[in-house]
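Below is upload24.tsv, which holds TSV, N, CA and C atoms.
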```
chain	number	residue	atom	x	y	z
A	636	ARG	N	-97.66	31.82	116.80
A	636	ARG	CA	-97.02	31.24	115.65
A	636	ARG	C	-98.10	30.83	114.66
A	637	LEU	N	-97.95	31.25	113.45
A	637	LEU	CA	-98.94	30.99	112.41
A	637	LEU	C	-98.29	30.18	111.31
A	638	ARG	N	-98.95	29.11	110.93
A	638	ARG	CA	-98.44	28.24	109.87
A	638	ARG	C	-99.51	28.16	108.78
A	639	VAL	N	-99.13	28.43	107.54
A	639	VAL	CA	-100.09	28.46	106.45
A	639	VAL	C	-99.76	27.36	105.47
A	640	LEU	N	-100.78	26.54	105.13
A	640	LEU	CA	-100.67	25.54	104.08
A	640	LEU	C	-101.67	25.91	103.00
A	641	PRO	N	-101.24	26.20	101.77
A	641	PRO	CA	-102.17	26.63	100.72
A	641	PRO	C	-102.97	25.45	100.18
A	642	VAL	N	-104.05	25.09	100.86
A	642	VAL	CA	-104.89	23.98	100.46
A	642	VAL	C	-106.34	24.46	100.49
A	643	TRP	N	-107.07	24.18	99.43
A	643	TRP	CA	-108.49	24.48	99.39
A	643	TRP	C	-109.24	23.31	99.99
A	644	SER	N	-110.34	23.59	100.64
A	644	SER	CA	-111.15	22.52	101.20
A	644	SER	C	-112.52	22.57	100.57
A	645	SER	N	-113.12	21.41	100.45
A	645	SER	CA	-114.48	21.34	99.92
A	645	SER	C	-115.26	20.34	100.74
A	646	ARG	N	-116.60	20.55	100.74
A	646	ARG	CA	-117.44	19.69	101.56
A	646	ARG	C	-118.83	19.60	100.94
A	647	PRO	N	-119.25	18.40	100.54
A	647	PRO	CA	-120.62	18.26	100.05
A	647	PRO	C	-121.58	18.06	101.23
A	648	THR	N	-122.74	18.72	101.21
A	648	THR	CA	-123.75	18.56	102.26
A	648	THR	C	-125.12	18.44	101.64
A	649	THR	N	-126.01	17.83	102.38
A	649	THR	CA	-127.41	17.74	101.99
A	649	THR	C	-128.24	18.20	103.18
A	650	ASP	N	-129.04	19.24	102.94
A	650	ASP	CA	-129.90	19.77	103.99
A	650	ASP	C	-131.34	19.47	103.65
A	651	CYS	N	-132.06	18.87	104.59
A	651	CYS	CA	-133.48	18.56	104.39
A	651	CYS	C	-134.31	19.35	105.38
A	652	GLU	N	-135.50	19.81	104.91
A	652	GLU	CA	-136.38	20.58	105.77
A	652	GLU	C	-136.99	19.69	106.85
A	653	HIS	N	-137.43	18.49	106.47
A	653	HIS	CA	-137.96	17.51	107.41
A	653	HIS	C	-137.15	16.23	107.25
A	654	PRO	N	-137.00	15.45	108.29
A	654	PRO	CA	-136.28	14.19	108.13
A	654	PRO	C	-136.99	13.29	107.11
A	655	ARG	N	-136.21	12.67	106.31
A	655	ARG	CA	-136.77	11.84	105.24
A	655	ARG	C	-137.19	10.49	105.79
A	656	GLN	N	-138.40	10.07	105.42
A	656	GLN	CA	-138.92	8.76	105.80
A	656	GLN	C	-138.76	7.81	104.62
A	657	ILE	N	-138.64	6.54	104.91
A	657	ILE	CA	-138.49	5.54	103.84
A	657	ILE	C	-139.74	5.45	102.99
A	658	SER	N	-140.91	5.66	103.59
A	658	SER	CA	-142.17	5.53	102.86
A	658	SER	C	-142.42	6.72	101.93
A	659	GLU	N	-141.76	7.85	102.14
A	659	GLU	CA	-141.98	9.02	101.30
A	659	GLU	C	-141.19	8.90	100.00
A	660	VAL	N	-141.82	9.32	98.95
A	660	VAL	CA	-141.15	9.29	97.65
A	660	VAL	C	-140.35	10.57	97.46
A	661	GLN	N	-140.94	11.69	97.87
A	661	GLN	CA	-140.28	12.96	97.71
A	661	GLN	C	-140.07	13.60	99.09
A	662	SER	N	-139.06	14.44	99.16
A	662	SER	CA	-138.84	15.25	100.35
A	662	SER	C	-138.17	16.54	99.89
A	663	ASP	N	-138.24	17.57	100.73
A	663	ASP	CA	-137.65	18.86	100.38
A	663	ASP	C	-136.21	18.88	100.86
A	664	CYS	N	-135.28	18.54	99.98
A	664	CYS	CA	-133.86	18.51	100.31
A	664	CYS	C	-133.09	19.36	99.31
A	665	VAL	N	-131.98	19.90	99.76
A	665	VAL	CA	-131.10	20.70	98.91
A	665	VAL	C	-129.69	20.15	99.06
A	666	SER	N	-129.04	19.85	97.95
A	666	SER	CA	-127.65	19.41	97.96
A	666	SER	C	-126.77	20.60	97.65
A	667	ARG	N	-125.75	20.78	98.46
A	667	ARG	CA	-124.81	21.88	98.26
A	667	ARG	C	-123.40	21.33	98.30
A	668	TYR	N	-122.53	22.02	97.59
A	668	TYR	CA	-121.13	21.66	97.57
A	668	TYR	C	-120.36	22.92	97.95
A	669	TYR	N	-119.76	22.90	99.17
A	669	TYR	CA	-119.09	24.09	99.68
A	669	TYR	C	-117.62	24.08	99.30
A	670	TYR	N	-117.12	25.25	98.92
A	670	TYR	CA	-115.69	25.47	98.68
A	670	TYR	C	-115.22	26.54	99.64
A	671	GLY	N	-114.04	26.43	100.08
A	671	GLY	CA	-113.56	27.48	100.97
A	671	GLY	C	-112.17	27.21	101.48
A	672	VAL	N	-111.82	27.95	102.46
A	672	VAL	CA	-110.51	27.87	103.08
A	672	VAL	C	-110.66	27.18	104.42
A	673	SER	N	-109.80	26.25	104.69
A	673	SER	CA	-109.81	25.55	105.97
A	673	SER	C	-108.81	26.21	106.89
A	674	ILE	N	-109.27	26.59	108.06
A	674	ILE	CA	-108.39	27.20	109.06
A	674	ILE	C	-108.30	26.25	110.23
A	675	THR	N	-107.10	25.84	110.56
A	675	THR	CA	-106.86	24.93	111.68
A	675	THR	C	-105.99	25.64	112.70
A	676	PHE	N	-106.42	25.60	113.95
A	676	PHE	CA	-105.65	26.22	115.02
A	676	PHE	C	-104.95	25.14	115.82
A	677	ASP	N	-103.70	25.39	116.11
A	677	ASP	CA	-102.90	24.48	116.92
A	677	ASP	C	-102.51	25.25	118.18
A	678	THR	N	-103.06	24.84	119.30
A	678	THR	CA	-102.80	25.58	120.54
A	678	THR	C	-101.66	24.94	121.30
A	679	GLN	N	-100.84	25.77	121.88
A	679	GLN	CA	-99.72	25.32	122.69
A	679	GLN	C	-99.56	26.29	123.85
A	680	GLY	N	-98.81	25.87	124.84
A	680	GLY	CA	-98.52	26.74	125.97
A	680	GLY	C	-99.22	26.29	127.23
A	681	ARG	N	-99.12	27.14	128.24
A	681	ARG	CA	-99.72	26.84	129.54
A	681	ARG	C	-100.52	28.02	130.03
A	682	PHE	N	-101.49	27.72	130.86
A	682	PHE	CA	-102.28	28.75	131.51
A	682	PHE	C	-102.36	28.39	132.98
A	683	GLY	N	-102.08	29.32	133.83
A	683	GLY	CA	-102.15	29.04	135.25
A	683	GLY	C	-102.29	30.32	136.05
A	684	TYR	N	-102.58	30.18	137.33
A	684	TYR	CA	-102.69	31.31	138.22
A	684	TYR	C	-102.32	30.86	139.62
A	685	PHE	N	-101.93	31.80	140.45
A	685	PHE	CA	-101.54	31.53	141.83
A	685	PHE	C	-102.78	31.48	142.70
A	686	ASP	N	-102.91	30.40	143.48
A	686	ASP	CA	-104.06	30.22	144.36
A	686	ASP	C	-103.56	30.11	145.80
A	687	LEU	N	-103.76	31.17	146.56
A	687	LEU	CA	-103.27	31.22	147.94
A	687	LEU	C	-103.96	30.17	148.82
A	688	VAL	N	-105.24	29.96	148.63
A	688	VAL	CA	-105.98	28.98	149.44
A	688	VAL	C	-105.43	27.58	149.19
A	689	GLN	N	-105.17	27.24	147.94
A	689	GLN	CA	-104.61	25.92	147.62
A	689	GLN	C	-103.22	25.76	148.23
A	690	LEU	N	-102.42	26.83	148.22
A	690	LEU	CA	-101.09	26.77	148.84
A	690	LEU	C	-101.21	26.51	150.33
A	691	LEU	N	-102.11	27.21	151.02
A	691	LEU	CA	-102.27	27.02	152.46
A	691	LEU	C	-102.79	25.62	152.79
A	692	LEU	N	-103.70	25.11	151.97
A	692	LEU	CA	-104.19	23.74	152.19
A	692	LEU	C	-103.07	22.72	152.01
A	693	THR	N	-102.23	22.93	151.01
A	693	THR	CA	-101.12	22.02	150.78
A	693	THR	C	-100.12	22.06	151.92
A	694	ILE	N	-99.81	23.25	152.41
A	694	ILE	CA	-98.88	23.36	153.54
A	694	ILE	C	-99.47	22.68	154.78
A	695	GLY	N	-100.75	22.89	155.04
A	695	GLY	CA	-101.39	22.25	156.20
A	695	GLY	C	-101.38	20.74	156.11
A	696	ALA	N	-101.65	20.20	154.92
A	696	ALA	CA	-101.62	18.75	154.75
A	696	ALA	C	-100.21	18.21	154.90
A	697	THR	N	-99.23	18.96	154.41
A	697	THR	CA	-97.84	18.51	154.51
A	697	THR	C	-97.37	18.50	155.96
A	698	LEU	N	-97.79	19.49	156.75
A	698	LEU	CA	-97.38	19.53	158.16
A	698	LEU	C	-97.90	18.32	158.93
A	699	SER	N	-99.05	17.82	158.57
A	699	SER	CA	-99.55	16.63	159.26
A	699	SER	C	-98.68	15.41	158.96
A	700	TYR	N	-98.09	15.37	157.76
A	700	TYR	CA	-97.19	14.26	157.44
A	700	TYR	C	-95.88	14.36	158.21
A	701	PHE	N	-95.47	15.57	158.60
A	701	PHE	CA	-94.24	15.71	159.38
A	701	PHE	C	-94.42	15.21	160.81
A	702	THR	N	-95.63	15.23	161.34
A	702	THR	CA	-95.86	14.75	162.70
A	702	THR	C	-95.99	13.23	162.78
A	703	LEU	N	-96.25	12.59	161.67
A	703	LEU	CA	-96.46	11.14	161.66
A	703	LEU	C	-95.25	10.35	162.17
A	704	PRO	N	-94.01	10.64	161.76
A	704	PRO	CA	-92.87	9.88	162.32
A	704	PRO	C	-92.75	10.01	163.83
A	705	GLY	N	-93.05	11.19	164.38
A	705	GLY	CA	-92.99	11.37	165.83
A	705	GLY	C	-94.00	10.51	166.55
A	706	VAL	N	-95.19	10.39	166.00
A	706	VAL	CA	-96.23	9.55	166.60
A	706	VAL	C	-95.81	8.08	166.57
A	707	ILE	N	-95.22	7.65	165.47
A	707	ILE	CA	-94.78	6.26	165.34
A	707	ILE	C	-93.67	5.96	166.35
A	708	VAL	N	-92.69	6.85	166.48
A	708	VAL	CA	-91.59	6.64	167.43
A	708	VAL	C	-92.12	6.65	168.86
A	709	TYR	N	-93.06	7.54	169.17
A	709	TYR	CA	-93.66	7.58	170.51
A	709	TYR	C	-94.34	6.25	170.83
A	710	PHE	N	-95.15	5.75	169.90
A	710	PHE	CA	-95.85	4.49	170.12
A	710	PHE	C	-94.86	3.34	170.32
A	711	LEU	N	-93.82	3.28	169.51
A	711	LEU	CA	-92.82	2.22	169.64
A	711	LEU	C	-92.08	2.32	170.97
A	712	ALA	N	-91.70	3.54	171.38
A	712	ALA	CA	-90.94	3.71	172.62
A	712	ALA	C	-91.77	3.40	173.85
A	713	ILE	N	-93.05	3.72	173.83
A	713	ILE	CA	-93.89	3.52	175.01
A	713	ILE	C	-94.40	2.08	175.13
A	714	TYR	N	-94.69	1.42	174.00
A	714	TYR	CA	-95.37	0.13	174.08
A	714	TYR	C	-94.60	-1.07	173.51
A	715	CYS	N	-93.54	-0.86	172.77
A	715	CYS	CA	-92.95	-1.99	172.05
A	715	CYS	C	-91.50	-2.31	172.41
A	716	LEU	N	-90.96	-1.75	173.47
A	716	LEU	CA	-89.56	-2.01	173.80
A	716	LEU	C	-89.38	-2.83	175.07
A	717	GLY	N	-90.42	-3.42	175.55
A	717	GLY	CA	-90.32	-4.30	176.72
A	717	GLY	C	-89.99	-3.52	177.98
A	718	PRO	N	-88.96	-3.96	178.75
A	718	PRO	CA	-88.62	-3.30	180.01
A	718	PRO	C	-88.15	-1.86	179.83
A	719	VAL	N	-87.56	-1.56	178.68
A	719	VAL	CA	-87.10	-0.19	178.44
A	719	VAL	C	-88.30	0.76	178.29
A	720	SER	N	-89.44	0.21	177.85
A	720	SER	CA	-90.63	1.04	177.67
A	720	SER	C	-91.11	1.65	178.98
A	721	THR	N	-90.95	0.94	180.10
A	721	THR	CA	-91.37	1.50	181.38
A	721	THR	C	-90.53	2.72	181.74
A	722	PHE	N	-89.23	2.69	181.41
A	722	PHE	CA	-88.37	3.84	181.65
A	722	PHE	C	-88.81	5.02	180.80
A	723	TYR	N	-89.06	4.78	179.50
A	723	TYR	CA	-89.51	5.85	178.60
A	723	TYR	C	-90.87	6.39	179.04
A	724	LYS	N	-91.76	5.50	179.44
A	724	LYS	CA	-93.09	5.93	179.84
A	724	LYS	C	-93.04	6.81	181.08
A	725	SER	N	-92.18	6.48	182.05
A	725	SER	CA	-92.08	7.29	183.27
A	725	SER	C	-91.49	8.67	182.98
A	726	SER	N	-90.66	8.78	181.94
A	726	SER	CA	-90.09	10.10	181.64
A	726	SER	C	-90.99	10.93	180.72
A	727	VAL	N	-91.83	10.28	179.95
A	727	VAL	CA	-92.69	11.00	178.99
A	727	VAL	C	-94.06	11.28	179.58
A	728	VAL	N	-94.67	10.30	180.19
A	728	VAL	CA	-96.03	10.44	180.72
A	728	VAL	C	-95.93	10.83	182.19
A	729	GLU	N	-96.42	12.03	182.50
A	729	GLU	CA	-96.35	12.51	183.88
A	729	GLU	C	-97.64	12.11	184.60
A	730	GLY	N	-97.49	11.49	185.75
A	730	GLY	CA	-98.66	11.11	186.54
A	730	GLY	C	-99.30	12.32	187.20
A	731	LEU	N	-100.58	12.29	187.36
A	731	LEU	CA	-101.30	13.40	187.97
A	731	LEU	C	-101.73	13.00	189.38
A	732	ARG	N	-101.29	13.81	190.34
A	732	ARG	CA	-101.71	13.60	191.71
A	732	ARG	C	-102.48	14.83	192.14
A	733	ALA	N	-103.75	14.64	192.43
A	733	ALA	CA	-104.64	15.76	192.72
A	733	ALA	C	-104.21	16.52	193.97
A	734	ASP	N	-103.73	15.82	195.00
A	734	ASP	CA	-103.34	16.51	196.23
A	734	ASP	C	-102.12	17.40	196.01
A	735	GLU	N	-101.15	16.97	195.21
A	735	GLU	CA	-99.97	17.79	194.92
A	735	GLU	C	-100.35	19.00	194.06
A	736	GLU	N	-101.25	18.81	193.09
A	736	GLU	CA	-101.69	19.92	192.24
A	736	GLU	C	-102.45	20.96	193.07
A	737	LEU	N	-103.31	20.51	193.99
A	737	LEU	CA	-104.06	21.43	194.85
A	737	LEU	C	-103.11	22.21	195.75
A	738	CYS	N	-102.11	21.55	196.29
A	738	CYS	CA	-101.13	22.22	197.14
A	738	CYS	C	-100.35	23.27	196.34
A	739	ARG	N	-99.97	22.95	195.10
A	739	ARG	CA	-99.22	23.88	194.26
A	739	ARG	C	-100.07	25.11	193.94
A	740	MET	N	-101.35	24.91	193.64
A	740	MET	CA	-102.23	26.03	193.31
A	740	MET	C	-102.49	26.92	194.52
A	741	VAL	N	-102.66	26.33	195.71
A	741	VAL	CA	-102.89	27.13	196.93
A	741	VAL	C	-101.65	27.94	197.27
A	742	CYS	N	-100.47	27.34	197.18
A	742	CYS	CA	-99.23	28.07	197.46
A	742	CYS	C	-99.03	29.22	196.47
A	743	SER	N	-99.34	28.99	195.22
A	743	SER	CA	-99.22	30.04	194.22
A	743	SER	C	-100.20	31.17	194.48
A	744	ALA	N	-101.43	30.86	194.87
A	744	ALA	CA	-102.42	31.89	195.17
A	744	ALA	C	-102.02	32.71	196.39
A	745	VAL	N	-101.49	32.08	197.45
A	745	VAL	CA	-101.04	32.79	198.64
A	745	VAL	C	-99.89	33.71	198.30
A	746	SER	N	-98.95	33.24	197.50
A	746	SER	CA	-97.80	34.05	197.11
A	746	SER	C	-98.22	35.26	196.28
A	747	LEU	N	-99.14	35.06	195.33
A	747	LEU	CA	-99.61	36.17	194.51
A	747	LEU	C	-100.42	37.17	195.34
A	748	SER	N	-101.21	36.69	196.29
A	748	SER	CA	-101.98	37.58	197.16
A	748	SER	C	-101.05	38.45	198.00
A	749	HIS	N	-100.01	37.86	198.56
A	749	HIS	CA	-99.05	38.61	199.36
A	749	HIS	C	-98.32	39.65	198.52
A	750	SER	N	-97.96	39.28	197.29
A	750	SER	CA	-97.28	40.22	196.39
A	750	SER	C	-98.19	41.40	196.05
A	751	PHE	N	-99.46	41.14	195.80
A	751	PHE	CA	-100.41	42.22	195.48
A	751	PHE	C	-100.57	43.16	196.66
A	752	ARG	N	-100.71	42.60	197.88
A	752	ARG	CA	-100.89	43.44	199.06
A	752	ARG	C	-99.67	44.30	199.33
A	753	SER	N	-98.50	43.82	198.95
A	753	SER	CA	-97.28	44.61	199.21
A	753	SER	C	-97.17	45.79	198.25
A	754	VAL	N	-97.78	45.75	197.07
A	754	VAL	CA	-97.69	46.89	196.14
A	754	VAL	C	-98.96	47.73	196.13
A	755	ALA	N	-100.06	47.27	196.69
A	755	ALA	CA	-101.31	48.03	196.68
A	755	ALA	C	-101.37	48.96	197.88
A	756	ASP	N	-102.18	50.03	197.77
A	756	ASP	CA	-102.35	50.94	198.91
A	756	ASP	C	-103.38	50.36	199.88
A	757	LYS	N	-103.79	51.16	200.88
A	757	LYS	CA	-104.66	50.65	201.94
A	757	LYS	C	-106.05	50.31	201.45
A	758	GLU	N	-106.54	50.96	200.35
A	758	GLU	CA	-107.85	50.65	199.80
A	758	GLU	C	-107.80	49.47	198.82
A	759	GLY	N	-106.64	48.92	198.60
A	759	GLY	CA	-106.51	47.80	197.65
A	759	GLY	C	-106.42	48.24	196.21
A	760	GLN	N	-106.00	49.49	195.95
A	760	GLN	CA	-105.89	50.02	194.58
A	760	GLN	C	-104.41	50.14	194.22
A	761	LEU	N	-104.14	49.94	192.96
A	761	LEU	CA	-102.78	50.12	192.44
A	761	LEU	C	-102.66	51.55	191.90
A	762	THR	N	-101.60	52.24	192.27
A	762	THR	CA	-101.39	53.60	191.79
A	762	THR	C	-100.05	53.66	191.05
A	763	HIS	N	-99.87	54.76	190.31
A	763	HIS	CA	-98.61	54.94	189.56
A	763	HIS	C	-97.42	55.16	190.47
A	764	GLU	N	-97.66	55.70	191.65
A	764	GLU	CA	-96.57	55.97	192.57
A	764	GLU	C	-95.96	54.69	193.10
A	765	ARG	N	-96.75	53.69	193.31
A	765	ARG	CA	-96.26	52.42	193.87
A	765	ARG	C	-95.71	51.63	192.77
```
Hey, can you dump this file as structure tokens for me?
Amino acid sequence: RLRVLPVWSSRPTTDCEHPRQISEVQSDCVSRYYYGVSITFDTQGRFGYFDLVQLLLTIGATLSYFTLPGVIVYFLAIYCLGPVSTFYKSSVVEGLRADEELCRMVCSAVSLSHSFRSVADKEGQLTHER
């Protein structure tokens, strides 16, 4: 969009070769009076571009805010409800017993070993026929 106002502009200037000192009587200066057309630009609009990295950073930061209510409810349920908290804690926090875990892992290994031996040939190799 172009807007034209028919106005002439003028500007008086003084150009000096060296800066003038108070103690100097003369200096090399030239006074000029400029006439011309004044052009003024008025910018409007928007400039932007899509930034995938910024979008991914924003999504990642937003996801952390979605987990915050869950953390608050967990803390309240486990530590701030008195006798009811012990019930919630027993259902949420699973106790670790090393002897039960060792027994579970040994039973699983024996079962997997037996299954492998039942499908493998006498040399312990798996073939397409089996």
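Here atom C of Gly759 in chain A is placed at a distance of 28.0 Å from atom N of Leu737 in chain A.
Pairwise distance (CA of Leu640 in chain A, CA of Val672 in chain A) equals 10.2 Å.
With CA of Arg732 in chain A on one side and CA of Ile707 in chain A on the other, the separation reads 28.2 Å.
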Which of chain A DSSP labels alpha helix (DSSP H), written as a ChimeraX atom specification: /A:687-714,718-727,733-754
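Residues of protein, DNA or RNA having at least one counted atom within 5 Å of (-124.8, 18.1, 100.2), given only N, CA and C atoms, are Pro647, Thr648, Thr649, Ser666 and Arg667 of chain A.
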Draw an axis-aligned box tight on the listed atoms of range 728-742 of chain A, then pad every side by 6 Å and write out centre and edge lengths in Å to one decimal as AutoDock Vina command-line options.
```
--center_x -99.7 --center_y 19.8 --center_z 188.8 --size_x 22.0 --size_y 30.9 --size_z 29.3
```
Which of chain A fall in strand (DSSP E or B), as number ranges by chain: A: 643-651, 664-672
Residue neighbourhood Ser726 in chain A, 12 Å, only C-alpha atoms, exclusion window fewer than 5 positions, as a ChimeraX atom specification: /A:709,712-713,719-721
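Considering only C-alpha atoms, the residue among A:Val727, A:Phe751, A:Cys651, A:Ser699 positioned nearest to Cys664 in chain A is A:Cys651.
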Take range 727-737 of chain A, model all heavy atoms, and hand the result over as an mmCIF file, in the frame of the given file.
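The result, written out as part-v8.cif:
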```cif
data_model
loop_
_atom_site.group_PDB
_atom_site.id
_atom_site.type_symbol
_atom_site.label_atom_id
_atom_site.label_comp_id
_atom_site.auth_asym_id
_atom_site.auth_seq_id
_atom_site.Cartn_x
_atom_site.Cartn_y
_atom_site.Cartn_z
ATOM 1 N N VAL A 727 -91.830 10.280 179.950
ATOM 2 C CA VAL A 727 -92.690 11.000 178.990
ATOM 3 C C VAL A 727 -94.060 11.280 179.580
ATOM 4 O O VAL A 727 -94.562 12.398 179.493
ATOM 5 C CB VAL A 727 -92.832 10.193 177.676
ATOM 6 C CG1 VAL A 727 -93.855 10.829 176.766
ATOM 7 C CG2 VAL A 727 -91.497 10.093 176.972
ATOM 8 N N VAL A 728 -94.670 10.300 180.190
ATOM 9 C CA VAL A 728 -96.030 10.440 180.720
ATOM 10 C C VAL A 728 -95.930 10.830 182.190
ATOM 11 O O VAL A 728 -95.431 10.068 183.009
ATOM 12 C CB VAL A 728 -96.829 9.127 180.561
ATOM 13 C CG1 VAL A 728 -98.219 9.275 181.129
ATOM 14 C CG2 VAL A 728 -96.875 8.716 179.105
ATOM 15 N N GLU A 729 -96.420 12.030 182.500
ATOM 16 C CA GLU A 729 -96.350 12.510 183.880
ATOM 17 C C GLU A 729 -97.640 12.110 184.600
ATOM 18 O O GLU A 729 -98.740 12.362 184.107
ATOM 19 C CB GLU A 729 -96.207 14.031 183.890
ATOM 20 C CG GLU A 729 -96.071 14.609 185.260
ATOM 21 C CD GLU A 729 -95.929 16.119 185.226
ATOM 22 O OE1 GLU A 729 -95.594 16.653 184.173
ATOM 23 O OE2 GLU A 729 -96.184 16.737 186.267
ATOM 24 N N GLY A 730 -97.490 11.490 185.750
ATOM 25 C CA GLY A 730 -98.660 11.110 186.540
ATOM 26 C C GLY A 730 -99.300 12.320 187.200
ATOM 27 O O GLY A 730 -98.613 13.257 187.588
ATOM 28 N N LEU A 731 -100.580 12.290 187.360
ATOM 29 C CA LEU A 731 -101.300 13.400 187.970
ATOM 30 C C LEU A 731 -101.730 13.000 189.380
ATOM 31 O O LEU A 731 -102.419 12.001 189.572
ATOM 32 C CB LEU A 731 -102.538 13.753 187.131
ATOM 33 C CG LEU A 731 -103.423 14.851 187.715
ATOM 34 C CD1 LEU A 731 -102.688 16.182 187.688
ATOM 35 C CD2 LEU A 731 -104.708 14.939 186.937
ATOM 36 N N ARG A 732 -101.290 13.810 190.340
ATOM 37 C CA ARG A 732 -101.710 13.600 191.710
ATOM 38 C C ARG A 732 -102.480 14.830 192.140
ATOM 39 O O ARG A 732 -101.941 15.934 192.186
ATOM 40 C CB ARG A 732 -100.499 13.374 192.602
ATOM 41 C CG ARG A 732 -99.732 12.128 192.190
ATOM 42 C CD ARG A 732 -99.025 11.449 193.256
ATOM 43 N NE ARG A 732 -99.648 11.558 194.554
ATOM 44 C CZ ARG A 732 -99.065 11.167 195.665
ATOM 45 N NH1 ARG A 732 -97.878 10.624 195.601
ATOM 46 N NH2 ARG A 732 -99.650 11.287 196.813
ATOM 47 N N ALA A 733 -103.750 14.640 192.430
ATOM 48 C CA ALA A 733 -104.640 15.760 192.720
ATOM 49 C C ALA A 733 -104.210 16.520 193.970
ATOM 50 O O ALA A 733 -104.283 17.759 194.000
ATOM 51 C CB ALA A 733 -106.074 15.267 192.877
ATOM 52 N N ASP A 734 -103.730 15.820 195.000
ATOM 53 C CA ASP A 734 -103.340 16.510 196.230
ATOM 54 C C ASP A 734 -102.120 17.400 196.010
ATOM 55 O O ASP A 734 -102.044 18.512 196.529
ATOM 56 C CB ASP A 734 -103.107 15.508 197.366
ATOM 57 C CG ASP A 734 -102.059 14.457 197.023
ATOM 58 O OD1 ASP A 734 -101.780 14.272 195.818
ATOM 59 O OD2 ASP A 734 -101.524 13.834 197.952
ATOM 60 N N GLU A 735 -101.150 16.970 195.210
ATOM 61 C CA GLU A 735 -99.970 17.790 194.920
ATOM 62 C C GLU A 735 -100.350 19.000 194.060
ATOM 63 O O GLU A 735 -99.827 20.105 194.257
ATOM 64 C CB GLU A 735 -98.910 16.954 194.216
ATOM 65 C CG GLU A 735 -98.252 15.934 195.126
ATOM 66 C CD GLU A 735 -97.222 15.094 194.378
ATOM 67 O OE1 GLU A 735 -97.015 15.327 193.163
ATOM 68 O OE2 GLU A 735 -96.631 14.211 195.015
ATOM 69 N N GLU A 736 -101.250 18.810 193.090
ATOM 70 C CA GLU A 736 -101.690 19.920 192.240
ATOM 71 C C GLU A 736 -102.450 20.960 193.070
ATOM 72 O O GLU A 736 -102.255 22.158 192.900
ATOM 73 C CB GLU A 736 -102.590 19.419 191.110
ATOM 74 C CG GLU A 736 -101.843 18.851 189.933
ATOM 75 C CD GLU A 736 -100.975 19.891 189.245
ATOM 76 O OE1 GLU A 736 -101.466 20.992 188.918
ATOM 77 O OE2 GLU A 736 -99.793 19.601 189.038
ATOM 78 N N LEU A 737 -103.310 20.510 193.990
ATOM 79 C CA LEU A 737 -104.060 21.430 194.850
ATOM 80 C C LEU A 737 -103.110 22.210 195.750
ATOM 81 O O LEU A 737 -103.256 23.428 195.905
ATOM 82 C CB LEU A 737 -105.078 20.655 195.680
ATOM 83 C CG LEU A 737 -105.943 21.494 196.611
ATOM 84 C CD1 LEU A 737 -106.803 22.453 195.806
ATOM 85 C CD2 LEU A 737 -106.797 20.604 197.491
#
```
